[in-house]
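Q: Coordinates in upload.txt, compact mmCIF, C-alpha atoms, are listed below.
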# COMPACT_ATOMS: atom_id res chain seq x y z
CA MET Q 1 60.72 44.37 -57.14
CA ILE Q 2 61.19 45.25 -60.82
CA GLY Q 3 60.13 41.73 -61.83
CA LYS Q 4 56.90 42.06 -59.88
CA THR Q 5 56.20 45.42 -61.51
CA PHE Q 6 56.53 44.15 -65.08
CA LEU Q 7 55.03 40.69 -64.60
CA PRO Q 8 51.49 40.24 -65.94
CA LYS Q 9 48.85 40.31 -63.23
CA SER Q 10 46.65 37.53 -64.62
CA LEU Q 11 47.33 33.80 -64.51
CA PHE Q 12 46.77 33.62 -68.27
CA GLY Q 13 49.40 36.29 -68.89
CA ARG Q 14 51.94 34.65 -66.62
CA ALA Q 15 51.38 31.18 -68.08
CA LEU Q 16 51.69 32.61 -71.59
CA LEU Q 17 54.90 34.38 -70.57
CA ILE Q 18 56.31 31.07 -69.30
CA LEU Q 19 55.73 29.63 -72.78
CA ILE Q 20 56.80 32.64 -74.82
CA LEU Q 21 60.08 33.50 -73.09
CA PRO Q 22 61.80 30.10 -73.53
CA THR Q 23 60.50 29.84 -77.09
CA VAL Q 24 61.71 33.30 -78.10
CA LEU Q 25 65.06 32.86 -76.37
CA THR Q 26 65.56 29.48 -78.05
CA GLN Q 27 64.72 30.94 -81.47
CA LEU Q 28 67.08 33.86 -80.94
CA LEU Q 29 69.86 31.51 -79.88
CA MET Q 30 69.26 29.30 -82.92
CA ALA Q 31 69.23 32.33 -85.20
CA TYR Q 32 72.47 33.62 -83.70
CA ILE Q 33 74.20 30.25 -84.08
CA PHE Q 34 72.87 29.89 -87.61
CA PHE Q 35 73.99 33.34 -88.76
CA ASP Q 36 77.28 33.22 -86.89
CA ARG Q 37 78.32 29.84 -88.27
CA HIS Q 38 76.22 28.49 -91.10
CA TRP Q 39 75.45 31.79 -92.82
CA ASP Q 40 79.04 33.06 -92.67
CA ASN Q 41 80.46 29.74 -93.87
CA VAL Q 42 78.00 29.37 -96.72
CA THR Q 43 78.48 32.97 -97.86
CA ARG Q 44 82.25 32.65 -97.75
CA HIS Q 45 82.28 29.39 -99.74
CA LEU Q 46 79.87 30.73 -102.37
CA SER Q 47 81.87 33.94 -102.74
CA GLU Q 48 85.16 32.11 -102.99
CA ALA Q 49 83.85 29.62 -105.58
CA PHE Q 50 82.25 32.23 -107.82
CA ALA Q 51 85.24 34.58 -107.55
CA GLY Q 52 87.43 31.67 -108.67
CA ASP Q 53 85.17 31.09 -111.72
CA VAL Q 54 85.30 34.76 -112.67
CA ALA Q 55 89.08 34.89 -112.22
CA LEU Q 56 89.43 31.74 -114.34
CA ILE Q 57 87.54 33.11 -117.34
CA ILE Q 58 89.42 36.42 -117.07
CA ASP Q 59 92.77 34.59 -117.25
CA GLN Q 60 91.64 32.39 -120.14
CA LEU Q 61 90.30 35.34 -122.14
CA LYS Q 62 93.72 36.95 -121.81
CA THR Q 63 95.67 33.90 -123.00
CA ILE Q 64 93.64 31.91 -125.56
CA PRO Q 65 93.28 32.94 -129.20
CA GLU Q 66 90.16 34.85 -130.20
CA SER Q 67 89.03 31.91 -132.32
CA HIS Q 68 88.57 29.81 -129.18
CA ARG Q 69 86.68 32.43 -127.21
CA ALA Q 70 83.21 31.40 -128.43
CA LYS Q 71 83.65 27.82 -127.25
CA LEU Q 72 85.15 29.01 -123.95
CA ILE Q 73 82.19 31.32 -123.30
CA LYS Q 74 79.67 28.63 -124.23
CA ASP Q 75 81.29 26.06 -121.94
CA PHE Q 76 81.53 28.59 -119.11
CA GLU Q 77 77.87 29.54 -119.42
CA GLU Q 78 76.77 25.90 -119.35
CA ASP Q 79 78.97 24.99 -116.42
CA THR Q 80 78.28 28.03 -114.22
CA SER Q 81 74.80 29.17 -115.37
CA THR Q 82 76.32 32.60 -115.94
CA SER Q 83 75.73 34.86 -118.94
CA VAL Q 84 79.00 36.09 -120.51
CA ASN Q 85 79.20 39.12 -122.81
CA LEU Q 86 82.16 40.99 -124.28
CA ASP Q 87 81.33 44.67 -124.67
CA PRO Q 88 83.35 47.66 -125.94
CA PRO Q 89 85.86 49.22 -123.51
CA GLU Q 90 83.58 52.23 -122.91
CA ALA Q 91 80.92 49.89 -121.46
CA PHE Q 92 82.86 49.79 -118.20
CA LYS Q 93 81.18 52.25 -115.83
CA PRO Q 94 83.06 52.93 -112.57
CA GLU Q 95 79.90 54.52 -111.13
CA TYR Q 96 78.26 51.07 -111.14
CA ALA Q 97 80.53 50.03 -108.29
CA THR Q 98 78.69 49.19 -105.03
CA HIS Q 99 79.61 47.74 -101.65
CA GLU Q 100 77.36 44.73 -102.08
CA PHE Q 101 78.80 41.23 -101.56
CA PRO Q 102 81.99 42.45 -99.81
CA GLU Q 103 83.46 38.96 -99.40
CA PHE Q 104 83.04 38.19 -103.10
CA GLN Q 105 84.64 41.51 -104.07
CA GLU Q 106 87.51 40.85 -101.69
CA PHE Q 107 88.16 37.41 -103.22
CA LEU Q 108 87.89 38.83 -106.77
CA ARG Q 109 90.27 41.67 -105.94
CA HIS Q 110 92.73 39.18 -104.47
CA ASN Q 111 92.62 36.91 -107.56
CA GLY Q 112 93.24 39.61 -110.16
CA GLY Q 113 94.28 43.21 -110.59
CA GLU Q 114 91.60 44.29 -113.07
CA LYS Q 115 89.11 46.96 -112.22
CA PHE Q 116 85.57 45.67 -111.75
CA THR Q 117 82.13 46.69 -110.57
CA VAL Q 118 79.45 44.62 -108.87
CA ARG Q 119 75.79 45.55 -108.59
CA LYS Q 120 72.29 44.09 -108.48
CA ILE Q 121 69.88 44.54 -111.37
CA ASP Q 122 66.43 43.31 -112.41
CA ASN Q 123 64.79 44.12 -109.07
CA ASN Q 124 67.72 42.70 -107.11
CA THR Q 125 67.35 39.25 -108.65
CA THR Q 126 70.46 39.35 -110.86
CA ILE Q 127 74.11 40.15 -110.17
CA GLU Q 128 75.98 42.08 -112.85
CA ILE Q 129 79.79 42.03 -112.83
CA ARG Q 130 81.79 44.20 -115.22
CA VAL Q 131 85.53 43.71 -115.57
CA GLN Q 132 87.78 46.12 -117.44
CA LEU Q 133 90.04 44.14 -119.80
CA PRO Q 134 92.79 45.66 -121.98
CA LYS Q 135 90.68 45.76 -125.16
CA GLU Q 136 87.13 45.18 -124.00
CA THR Q 137 84.72 44.96 -121.06
CA LEU Q 138 83.71 41.59 -119.69
CA ARG Q 139 80.09 41.60 -118.49
CA LEU Q 140 78.84 38.67 -116.44
CA GLU Q 141 75.27 38.17 -115.24
CA THR Q 142 74.07 35.48 -112.85
CA THR Q 143 71.35 34.95 -110.26
CA VAL Q 144 71.68 36.28 -106.74
CA LYS Q 145 71.56 32.75 -105.33
CA ARG Q 146 75.11 32.22 -106.60
CA LEU Q 147 76.26 34.46 -103.72
CA GLU Q 148 73.30 34.32 -101.30
CA SER Q 149 71.88 31.18 -99.75
CA ARG Q 150 68.09 31.05 -100.04
CA THR Q 151 68.00 28.50 -97.23
CA THR Q 152 68.48 31.41 -94.83
CA VAL Q 153 65.20 33.04 -95.82
CA ILE Q 154 63.44 29.68 -95.77
CA PHE Q 155 64.87 28.93 -92.34
CA ILE Q 156 63.79 32.30 -90.94
CA TRP Q 157 60.25 32.01 -92.29
CA TRP Q 158 59.99 28.39 -91.14
CA MET Q 159 61.15 29.42 -87.69
CA ILE Q 160 58.68 32.35 -87.49
CA GLY Q 161 55.83 30.26 -88.89
CA ALA Q 162 56.42 27.31 -86.59
CA THR Q 163 56.70 29.61 -83.56
CA SER Q 164 53.51 31.47 -84.50
CA VAL Q 165 51.57 28.22 -84.90
CA PHE Q 166 52.96 26.94 -81.60
CA LEU Q 167 52.01 30.14 -79.78
CA LEU Q 168 48.54 30.17 -81.35
CA VAL Q 169 47.92 26.61 -80.16
CA ALA Q 170 49.32 27.53 -76.74
CA VAL Q 171 47.02 30.59 -76.46
CA ILE Q 172 43.94 28.54 -77.39
CA PHE Q 173 44.91 25.77 -74.99
CA LEU Q 174 45.66 28.19 -72.15
CA ARG Q 175 42.37 30.02 -72.65
CA ASN Q 176 40.52 26.74 -72.33
CA GLN Q 177 42.45 25.93 -69.16
CA ILE Q 178 42.00 29.37 -67.61
CA ARG Q 179 38.27 29.59 -68.38
CA PRO Q 180 37.22 27.15 -65.59
CA ILE Q 181 39.30 29.13 -63.08
CA ARG Q 182 37.64 32.37 -64.16
CA ARG Q 183 34.20 30.76 -63.89
CA LEU Q 184 35.05 29.52 -60.40
CA ALA Q 185 36.16 33.02 -59.37
CA GLU Q 186 33.02 34.51 -60.92
CA ALA Q 187 30.80 31.98 -59.12
CA ALA Q 188 32.50 32.68 -55.78
CA ASP Q 189 32.23 36.45 -56.28
CA ASN Q 190 28.57 36.23 -57.31
CA PHE Q 191 27.76 33.98 -54.36
CA GLY Q 192 29.39 36.48 -52.03
CA ARG Q 193 27.11 39.18 -53.48
CA GLY Q 194 24.01 36.97 -53.33
CA VAL Q 195 23.84 36.26 -57.08
CA ASP Q 196 23.64 32.51 -57.53
CA MET Q 197 24.96 30.63 -60.59
CA PRO Q 198 22.87 27.44 -60.77
CA ASP Q 199 24.48 26.39 -64.04
CA PHE Q 200 27.98 26.35 -62.53
CA ARG Q 201 29.62 22.94 -63.01
CA PRO Q 202 33.17 21.69 -62.27
CA SER Q 203 35.32 21.65 -65.41
CA GLY Q 204 38.92 21.89 -66.48
CA ALA Q 205 41.96 20.15 -65.00
CA ASN Q 206 41.65 17.80 -62.03
CA GLU Q 207 42.91 20.41 -59.56
CA VAL Q 208 40.43 23.00 -60.83
CA ARG Q 209 37.58 20.46 -60.70
CA ARG Q 210 38.55 19.60 -57.15
CA ALA Q 211 38.48 23.27 -56.13
CA ALA Q 212 35.14 23.76 -57.90
CA ARG Q 213 33.60 20.75 -56.14
CA ALA Q 214 34.88 22.05 -52.79
CA PHE Q 215 33.28 25.42 -53.55
CA ILE Q 216 29.94 23.82 -54.42
CA VAL Q 217 29.97 21.82 -51.17
CA MET Q 218 30.87 24.95 -49.21
CA ARG Q 219 28.11 26.93 -50.94
CA GLU Q 220 25.50 24.31 -50.08
CA ARG Q 221 26.65 24.18 -46.44
CA ILE Q 222 26.40 27.97 -46.13
CA LYS Q 223 22.96 27.98 -47.73
CA ARG Q 224 21.79 25.21 -45.43
CA GLN Q 225 23.16 27.05 -42.40
CA ILE Q 226 21.43 30.27 -43.45
CA ARG Q 227 18.15 28.45 -44.00
CA THR Q 228 18.41 26.73 -40.61
CA ARG Q 229 19.22 30.00 -38.85
CA THR Q 230 16.44 31.87 -40.62
CA ASP Q 231 13.88 29.19 -39.77
CA MET Q 232 15.03 29.18 -36.15
CA LEU Q 233 14.82 32.96 -35.95
CA SER Q 234 11.34 32.93 -37.46
CA GLY Q 235 10.28 30.60 -34.67
CA ILE Q 236 11.96 32.77 -32.04
CA SER Q 237 10.31 35.87 -33.50
CA HIS Q 238 6.90 34.22 -33.28
CA ASP Q 239 7.52 32.93 -29.76
CA LEU Q 240 8.68 36.34 -28.49
CA ARG Q 241 6.06 38.42 -30.20
CA THR Q 242 3.20 36.30 -28.90
CA PRO Q 243 3.78 37.11 -25.19
CA LEU Q 244 4.51 40.72 -26.12
CA THR Q 245 1.14 40.93 -27.84
CA ARG Q 246 -0.56 39.51 -24.72
CA MET Q 247 1.30 42.07 -22.60
CA LYS Q 248 0.10 44.89 -24.85
CA LEU Q 249 -3.49 43.63 -24.52
CA GLN Q 250 -3.17 43.49 -20.75
CA LEU Q 251 -1.78 47.03 -20.71
CA ALA Q 252 -4.65 48.22 -22.88
CA MET Q 253 -7.10 46.75 -20.39
CA LEU Q 254 -5.33 48.52 -17.53
CA GLY Q 255 -6.07 51.89 -19.11
CA GLU Q 256 -4.26 54.81 -17.54
CA LYS Q 257 -3.62 53.26 -14.18
CA GLU Q 258 -0.45 54.07 -12.29
CA GLY Q 259 2.64 52.49 -13.93
CA ALA Q 260 0.83 51.51 -17.16
CA SER Q 261 2.57 54.15 -19.29
CA GLU Q 262 6.01 53.03 -18.08
CA LEU Q 263 5.16 49.42 -18.91
CA ARG Q 264 3.98 50.43 -22.40
CA ALA Q 265 7.32 52.19 -22.98
CA ASP Q 266 9.20 49.11 -21.81
CA VAL Q 267 7.17 46.89 -24.17
CA GLN Q 268 7.89 49.23 -27.08
CA GLN Q 269 11.58 49.16 -26.23
CA MET Q 270 11.50 45.37 -26.10
CA GLU Q 271 9.82 45.22 -29.52
CA HIS Q 272 12.40 47.61 -30.94
CA MET Q 273 15.30 45.65 -29.46
CA ILE Q 274 13.93 42.28 -30.62
CA GLY Q 275 13.46 43.72 -34.12
CA GLU Q 276 17.07 44.89 -34.26
CA TYR Q 277 18.39 41.61 -32.87
CA LEU Q 278 16.45 39.64 -35.46
CA ASP Q 279 17.57 41.97 -38.27
CA PHE Q 280 21.18 41.49 -37.21
CA ALA Q 281 20.91 37.70 -36.95
CA ARG Q 282 18.87 37.34 -40.13
CA GLY Q 283 21.23 39.47 -42.20
CA GLU Q 284 20.14 39.85 -45.81
CA GLY Q 285 17.92 36.77 -45.61
CA GLY Q 286 16.94 34.99 -48.79
CA GLU Q 287 16.40 38.08 -50.92
CA GLU Q 288 17.71 37.82 -54.47
CA ALA Q 289 19.96 40.50 -55.94
CA VAL Q 290 18.58 42.31 -58.98
CA ARG Q 291 20.01 44.85 -61.40
CA THR Q 292 19.03 48.20 -59.92
CA PRO Q 293 19.39 51.87 -61.01
CA LEU Q 294 21.17 53.20 -57.94
CA ARG Q 295 20.31 56.86 -58.51
CA ASP Q 296 16.59 56.09 -58.70
CA LEU Q 297 16.80 54.13 -55.45
CA LEU Q 298 18.54 57.00 -53.64
CA GLU Q 299 16.05 59.55 -54.96
CA ASP Q 300 13.17 57.35 -53.78
CA VAL Q 301 14.65 57.01 -50.29
CA VAL Q 302 15.22 60.78 -50.08
CA ARG Q 303 11.60 61.45 -51.13
CA ASP Q 304 10.39 59.17 -48.32
CA TYR Q 305 12.19 61.35 -45.77
CA GLN Q 306 11.18 64.61 -47.41
CA ARG Q 307 7.52 63.62 -47.12
CA LEU Q 308 8.13 63.49 -43.36
CA ASN Q 309 9.67 67.00 -43.53
CA SER Q 310 13.13 65.63 -42.73
CA LYS Q 311 16.15 67.62 -43.95
CA VAL Q 312 17.45 65.01 -46.35
CA THR Q 313 18.70 66.05 -49.81
CA PHE Q 314 20.19 64.27 -52.81
CA ALA Q 315 23.18 66.11 -54.32
CA GLY Q 316 22.95 64.18 -57.58
CA GLY Q 317 24.95 61.63 -59.50
CA GLU Q 318 25.00 59.83 -62.84
CA MET Q 319 22.85 56.84 -63.70
CA ILE Q 320 24.62 53.74 -62.38
CA PHE Q 321 23.32 50.17 -62.46
CA THR Q 322 24.51 47.54 -59.99
CA SER Q 323 23.22 44.29 -58.46
CA LEU Q 324 21.45 44.90 -55.15
CA ARG Q 325 19.19 43.20 -52.66
CA VAL Q 326 16.91 46.21 -52.73
CA SER Q 327 15.07 45.71 -49.42
CA ALA Q 328 18.25 44.96 -47.47
CA PHE Q 329 20.12 47.88 -49.04
CA ARG Q 330 17.19 50.21 -48.46
CA ARG Q 331 17.32 49.21 -44.77
CA VAL Q 332 21.02 50.12 -44.74
CA LEU Q 333 20.28 53.57 -46.14
CA HIS Q 334 17.50 54.12 -43.61
CA ASN Q 335 19.81 53.13 -40.73
CA LEU Q 336 22.54 55.51 -41.87
CA ILE Q 337 20.18 58.41 -42.61
CA ASP Q 338 18.40 57.92 -39.27
CA ASN Q 339 21.77 58.13 -37.51
CA ALA Q 340 22.66 61.28 -39.46
CA LEU Q 341 19.35 62.93 -38.58
CA ARG Q 342 19.57 61.86 -34.94
CA TYR Q 343 22.97 63.50 -34.43
CA GLY Q 344 23.22 66.05 -37.21
CA LYS Q 345 19.63 67.19 -37.91
CA SER Q 346 20.29 67.19 -41.68
CA CYS Q 347 21.76 64.80 -44.23
CA THR Q 348 23.04 64.95 -47.83
CA LEU Q 349 23.42 61.96 -50.17
CA THR Q 350 25.81 62.00 -53.14
CA LEU Q 351 26.42 59.35 -55.80
CA ARG Q 352 29.68 59.22 -57.78
CA ARG Q 353 31.53 56.78 -60.01
CA THR Q 354 35.18 55.67 -59.76
CA VAL Q 355 37.11 53.30 -62.03
CA ASN Q 356 35.61 49.97 -60.93
CA TYR Q 357 33.29 51.10 -58.15
CA CYS Q 358 30.52 53.52 -57.34
CA GLU Q 359 30.38 55.41 -54.06
CA ILE Q 360 27.46 56.69 -51.99
CA LEU Q 361 28.38 59.55 -49.66
CA ILE Q 362 26.14 60.28 -46.67
CA ASP Q 363 27.18 63.56 -45.00
CA ASP Q 364 25.75 65.12 -41.84
CA GLU Q 365 26.50 68.21 -39.76
CA GLY Q 366 26.69 66.47 -36.40
CA PRO Q 367 29.59 66.14 -33.96
CA GLY Q 368 31.15 63.30 -35.93
CA ILE Q 369 33.07 60.33 -34.52
CA PRO Q 370 36.72 60.46 -33.36
CA GLU Q 371 39.09 58.66 -35.71
CA ASP Q 372 40.27 56.22 -33.04
CA LYS Q 373 36.67 55.06 -32.45
CA ARG Q 374 35.39 54.81 -36.01
CA GLU Q 375 36.17 51.12 -36.29
CA ASP Q 376 34.62 50.34 -32.90
CA VAL Q 377 31.15 51.54 -33.94
CA PHE Q 378 30.91 48.65 -36.42
CA LYS Q 379 31.21 46.09 -33.62
CA PRO Q 380 27.93 44.47 -32.49
CA PHE Q 381 26.23 46.11 -29.47
CA ASN Q 382 28.90 48.80 -29.33
CA ARG Q 383 27.62 52.33 -28.70
CA LEU Q 384 29.51 55.55 -28.12
CA ASP Q 385 26.80 56.67 -25.69
CA PRO Q 386 27.96 55.29 -22.32
CA SER Q 387 24.48 55.65 -20.84
CA ARG Q 388 23.12 52.91 -23.11
CA ASN Q 389 19.80 54.82 -23.13
CA ILE Q 390 17.54 53.30 -25.79
CA LYS Q 391 15.87 56.68 -26.29
CA THR Q 392 19.07 58.28 -27.55
CA GLY Q 393 19.83 55.55 -30.06
CA GLY Q 394 19.50 51.88 -30.87
CA VAL Q 395 21.17 48.91 -29.28
CA GLY Q 396 24.40 49.32 -31.25
CA LEU Q 397 23.55 47.13 -34.24
CA GLY Q 398 22.69 49.68 -36.95
CA LEU Q 399 26.19 50.12 -38.38
CA THR Q 400 26.97 46.43 -37.82
CA ILE Q 401 23.99 45.44 -39.95
CA ALA Q 402 24.94 48.08 -42.53
CA ARG Q 403 28.48 46.74 -42.84
CA ASP Q 404 27.28 43.12 -43.09
CA VAL Q 405 24.84 43.97 -45.89
CA VAL Q 406 27.38 46.08 -47.80
CA LEU Q 407 30.04 43.37 -47.48
CA ALA Q 408 27.49 40.82 -48.73
CA HIS Q 409 27.17 42.98 -51.85
CA GLY Q 410 30.94 42.78 -52.40
CA GLY Q 411 31.44 46.36 -51.24
CA ALA Q 412 32.92 48.24 -48.30
CA ILE Q 413 31.82 50.91 -45.85
CA SER Q 414 34.04 53.45 -44.12
CA LEU Q 415 33.77 56.63 -42.04
CA GLU Q 416 35.43 59.99 -42.66
CA THR Q 417 34.95 63.65 -41.76
CA SER Q 418 32.31 65.47 -43.82
CA PRO Q 419 32.97 68.90 -45.41
CA SER Q 420 30.88 70.46 -42.59
CA ASN Q 421 33.09 68.72 -39.96
CA GLY Q 422 30.39 66.18 -39.26
CA LEU Q 423 30.44 62.51 -40.22
CA ARG Q 424 30.74 61.18 -43.75
CA VAL Q 425 29.75 57.56 -44.42
CA ILE Q 426 31.17 56.15 -47.66
CA ILE Q 427 29.53 53.06 -49.19
CA ARG Q 428 31.57 51.57 -52.01
CA LEU Q 429 29.88 49.04 -54.34
CA PRO Q 430 31.35 47.17 -57.30
CA LEU Q 431 29.98 48.10 -60.71
Could you render the structure as structure tokens?

A:
Amino acid sequence: MIGKTFLPKSLFGRALLILILPTVLTQLLMAYIFFDRHWDNVTRHLSEAFAGDVALIIDQLKTIPESHRAKLIKDFEEDTSTSVNLDPPEAFKPEYATHEFPEFQEFLRHNGGEKFTVRKIDNNTTIEIRVQLPKETLRLETTVKRLESRTTVIFIWWMIGATSVFLLVAVIFLRNQIRPIRRLAEAADNFGRGVDMPDFRPSGANEVRRAARAFIVMRERIKRQIRTRTDMLSGISHDLRTPLTRMKLQLAMLGEKEGASELRADVQQMEHMIGEYLDFARGEGGEEAVRTPLRDLLEDVVRDYQRLNSKVTFAGGEMIFTSLRVSAFRRVLHNLIDNALRYGKSCTLTLRRTVNYCEILIDDEGPGIPEDKREDVFKPFNRLDPSRNIKTGGVGLGLTIARDVVLAHGGAISLETSPSNGLRVIIRLPL
């Protein structure tokens, strides 16, 4: 559970983590082994060797005649690359003592009993060693590399540099591999919302290309099926409306004879039912989605109802742009507002923004819908009115069409209780 919480959510992040973790762990292990073995061994050997040199010159300065000291110092400087100076006794400064190079100081303390100090000078590039002799102060100066191995710094920087280059190449390579997957997801999402990507082409690894080709084939099949269904429905619409038109002409010729008014009502009901059936079967049709200011669309719909003296108001909202099939979405709003006015006599629209979505709230003051039946009203031909009277409502396709259109936009529609204890319809659309 903890692993799932801290794991990156994206494929790119997880793939990068698969590369980074082994690399970092390997580098840490190498660094630990290097410092634990190589670094300690090298430091100990350097300290022991230099402490032996210092102890040697201290012993020789104590035993040889003063006339031989110059040659001894010259030979020592040439052999050890160490500067040797003999200063007055007061040149020894106990306050110069530091805790630097502990192993070297331990070896030097073990090899002789003289007091000494060790410190770094010249911006930490030189080691100064002062030894208190009976009659003078021995001052030695040498480079830090006599006691510190520079290969450690080189190794660390080489390790960091090589790892950084490796990770940079890995990031670039992974981005190129992930890009086709992202484009495939974008194409699928856009197709689901009616926004086509004609320039989409399979790319990337073989598996990604295979998935992309399968998506393209699926997209063409769906398009072909929609075109076939739309063409068939256009023919059905023409075939059904033709006899209905003849029936209306016959009824007009009958005038106000007995039974004519009832037949006219039946014909109107048939036209209304056929229209709803065709709207349901046709869905969003071939309309293209366009970038639309949602607030302007809602205000326009509200004005249409207000011109008819309907109690429809817009509570406001910020300017939000989203891709819509305007005619299809306008039909959704009309269906939902008509329902609200039919059962609640008044309706209020509100637009608000969330993190990744925008929401349209349609509130009425009607009796509402019980919670256990809210999902049932989205089923085709399902009505809460058991009488099935066409005069009290449609044929049970209004909310079904609304959900289909909203889902085709990549959104969702749900029902809740409004603040006035009526029904609240929430349409959620991706930004």

Q: Find the smallest box with edges along x, y and z containing every listed atom of stretch 56-73 of chain Q, then add 6 Å on each side and report centre and edge lengths in Å to one decimal, as AutoDock Vina command-line options.

A:
--center_x 88.9 --center_y 32.4 --center_z -123.3 --size_x 25.5 --size_y 21.1 --size_z 30.0

Q: Residues at most 12 Å from Q:Ser310, counting all atoms listed in the file, excluding those fewer than 5 positions away in the same chain, as a list in words?

A: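 What passes the distance filter is Val301, Val302, Arg303, Asp304, Tyr305, Ile337, Asp338, Ala340, Leu341, Arg342, Gly344, Lys345, Ser346, Cys347 and Thr348 of chain Q.
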
Q: Hey, can you check how far atom CA of Q:Ser203 sits from atom CA of Q:Ser10?

A: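 Those two atoms sit 19.5 Å apart.
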
Q: In Å to one decimal, how far is atom CA of Q:Leu399 from atom CA of Q:Val377?

A: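 Rounded to one decimal, the two atoms are 6.8 Å apart.
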
Q: Start from the incomplete input, build N, CA and C atoms for stretch 312-328 of chain Q, and deliver everything as a PDB file, keeping the file's coordinate frame.

A:
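The resulting rebuild-v2.pdb:
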ATOM      1  N   VAL Q 312      16.635  65.956 -45.591  1.00  0.00           N
ATOM      2  CA  VAL Q 312      17.450  65.010 -46.350  1.00  0.00           C
ATOM      3  C   VAL Q 312      17.429  65.448 -47.809  1.00  0.00           C
ATOM      4  N   THR Q 313      18.603  65.608 -48.414  1.00  0.00           N
ATOM      5  CA  THR Q 313      18.700  66.050 -49.810  1.00  0.00           C
ATOM      6  C   THR Q 313      19.600  65.109 -50.589  1.00  0.00           C
ATOM      7  N   PHE Q 314      19.369  65.072 -51.902  1.00  0.00           N
ATOM      8  CA  PHE Q 314      20.190  64.270 -52.810  1.00  0.00           C
ATOM      9  C   PHE Q 314      20.979  65.219 -53.700  1.00  0.00           C
ATOM     10  N   ALA Q 315      22.321  65.171 -53.594  1.00  0.00           N
ATOM     11  CA  ALA Q 315      23.180  66.110 -54.320  1.00  0.00           C
ATOM     12  C   ALA Q 315      23.377  65.725 -55.778  1.00  0.00           C
ATOM     13  N   GLY Q 316      22.859  64.564 -56.172  1.00  0.00           N
ATOM     14  CA  GLY Q 316      22.950  64.180 -57.580  1.00  0.00           C
ATOM     15  C   GLY Q 316      24.003  63.109 -57.830  1.00  0.00           C
ATOM     16  N   GLY Q 317      24.022  62.675 -59.070  1.00  0.00           N
ATOM     17  CA  GLY Q 317      24.950  61.630 -59.500  1.00  0.00           C
ATOM     18  C   GLY Q 317      24.468  61.041 -60.810  1.00  0.00           C
ATOM     19  N   GLU Q 318      25.373  60.400 -61.553  1.00  0.00           N
ATOM     20  CA  GLU Q 318      25.000  59.830 -62.840  1.00  0.00           C
ATOM     21  C   GLU Q 318      24.239  58.517 -62.664  1.00  0.00           C
ATOM     22  N   MET Q 319      23.612  58.067 -63.748  1.00  0.00           N
ATOM     23  CA  MET Q 319      22.850  56.840 -63.700  1.00  0.00           C
ATOM     24  C   MET Q 319      23.816  55.648 -63.658  1.00  0.00           C
ATOM     25  N   ILE Q 320      23.734  54.886 -62.589  1.00  0.00           N
ATOM     26  CA  ILE Q 320      24.620  53.740 -62.380  1.00  0.00           C
ATOM     27  C   ILE Q 320      23.764  52.530 -62.052  1.00  0.00           C
ATOM     28  N   PHE Q 321      24.024  51.420 -62.717  1.00  0.00           N
ATOM     29  CA  PHE Q 321      23.320  50.170 -62.460  1.00  0.00           C
ATOM     30  C   PHE Q 321      24.253  49.203 -61.738  1.00  0.00           C
ATOM     31  N   THR Q 322      23.736  48.540 -60.713  1.00  0.00           N
ATOM     32  CA  THR Q 322      24.510  47.540 -59.990  1.00  0.00           C
ATOM     33  C   THR Q 322      23.550  46.520 -59.387  1.00  0.00           C
ATOM     34  N   SER Q 323      24.053  45.346 -59.029  1.00  0.00           N
ATOM     35  CA  SER Q 323      23.220  44.290 -58.460  1.00  0.00           C
ATOM     36  C   SER Q 323      23.031  44.532 -56.974  1.00  0.00           C
ATOM     37  N   LEU Q 324      21.760  44.603 -56.543  1.00  0.00           N
ATOM     38  CA  LEU Q 324      21.450  44.900 -55.150  1.00  0.00           C
ATOM     39  C   LEU Q 324      20.322  44.004 -54.655  1.00  0.00           C
ATOM     40  N   ARG Q 325      20.378  43.694 -53.353  1.00  0.00           N
ATOM     41  CA  ARG Q 325      19.190  43.200 -52.660  1.00  0.00           C
ATOM     42  C   ARG Q 325      18.477  44.455 -52.161  1.00  0.00           C
ATOM     43  N   VAL Q 326      17.470  44.861 -52.885  1.00  0.00           N
ATOM     44  CA  VAL Q 326      16.910  46.210 -52.730  1.00  0.00           C
ATOM     45  C   VAL Q 326      16.406  46.447 -51.311  1.00  0.00           C
ATOM     46  N   SER Q 327      15.644  45.497 -50.758  1.00  0.00           N
ATOM     47  CA  SER Q 327      15.070  45.710 -49.420  1.00  0.00           C
ATOM     48  C   SER Q 327      16.169  45.824 -48.372  1.00  0.00           C
ATOM     49  N   ALA Q 328      17.160  44.929 -48.443  1.00  0.00           N
ATOM     50  CA  ALA Q 328      18.250  44.960 -47.470  1.00  0.00           C
ATOM     51  C   ALA Q 328      19.053  46.252 -47.608  1.00  0.00           C
TER      52      ALA Q 328
END
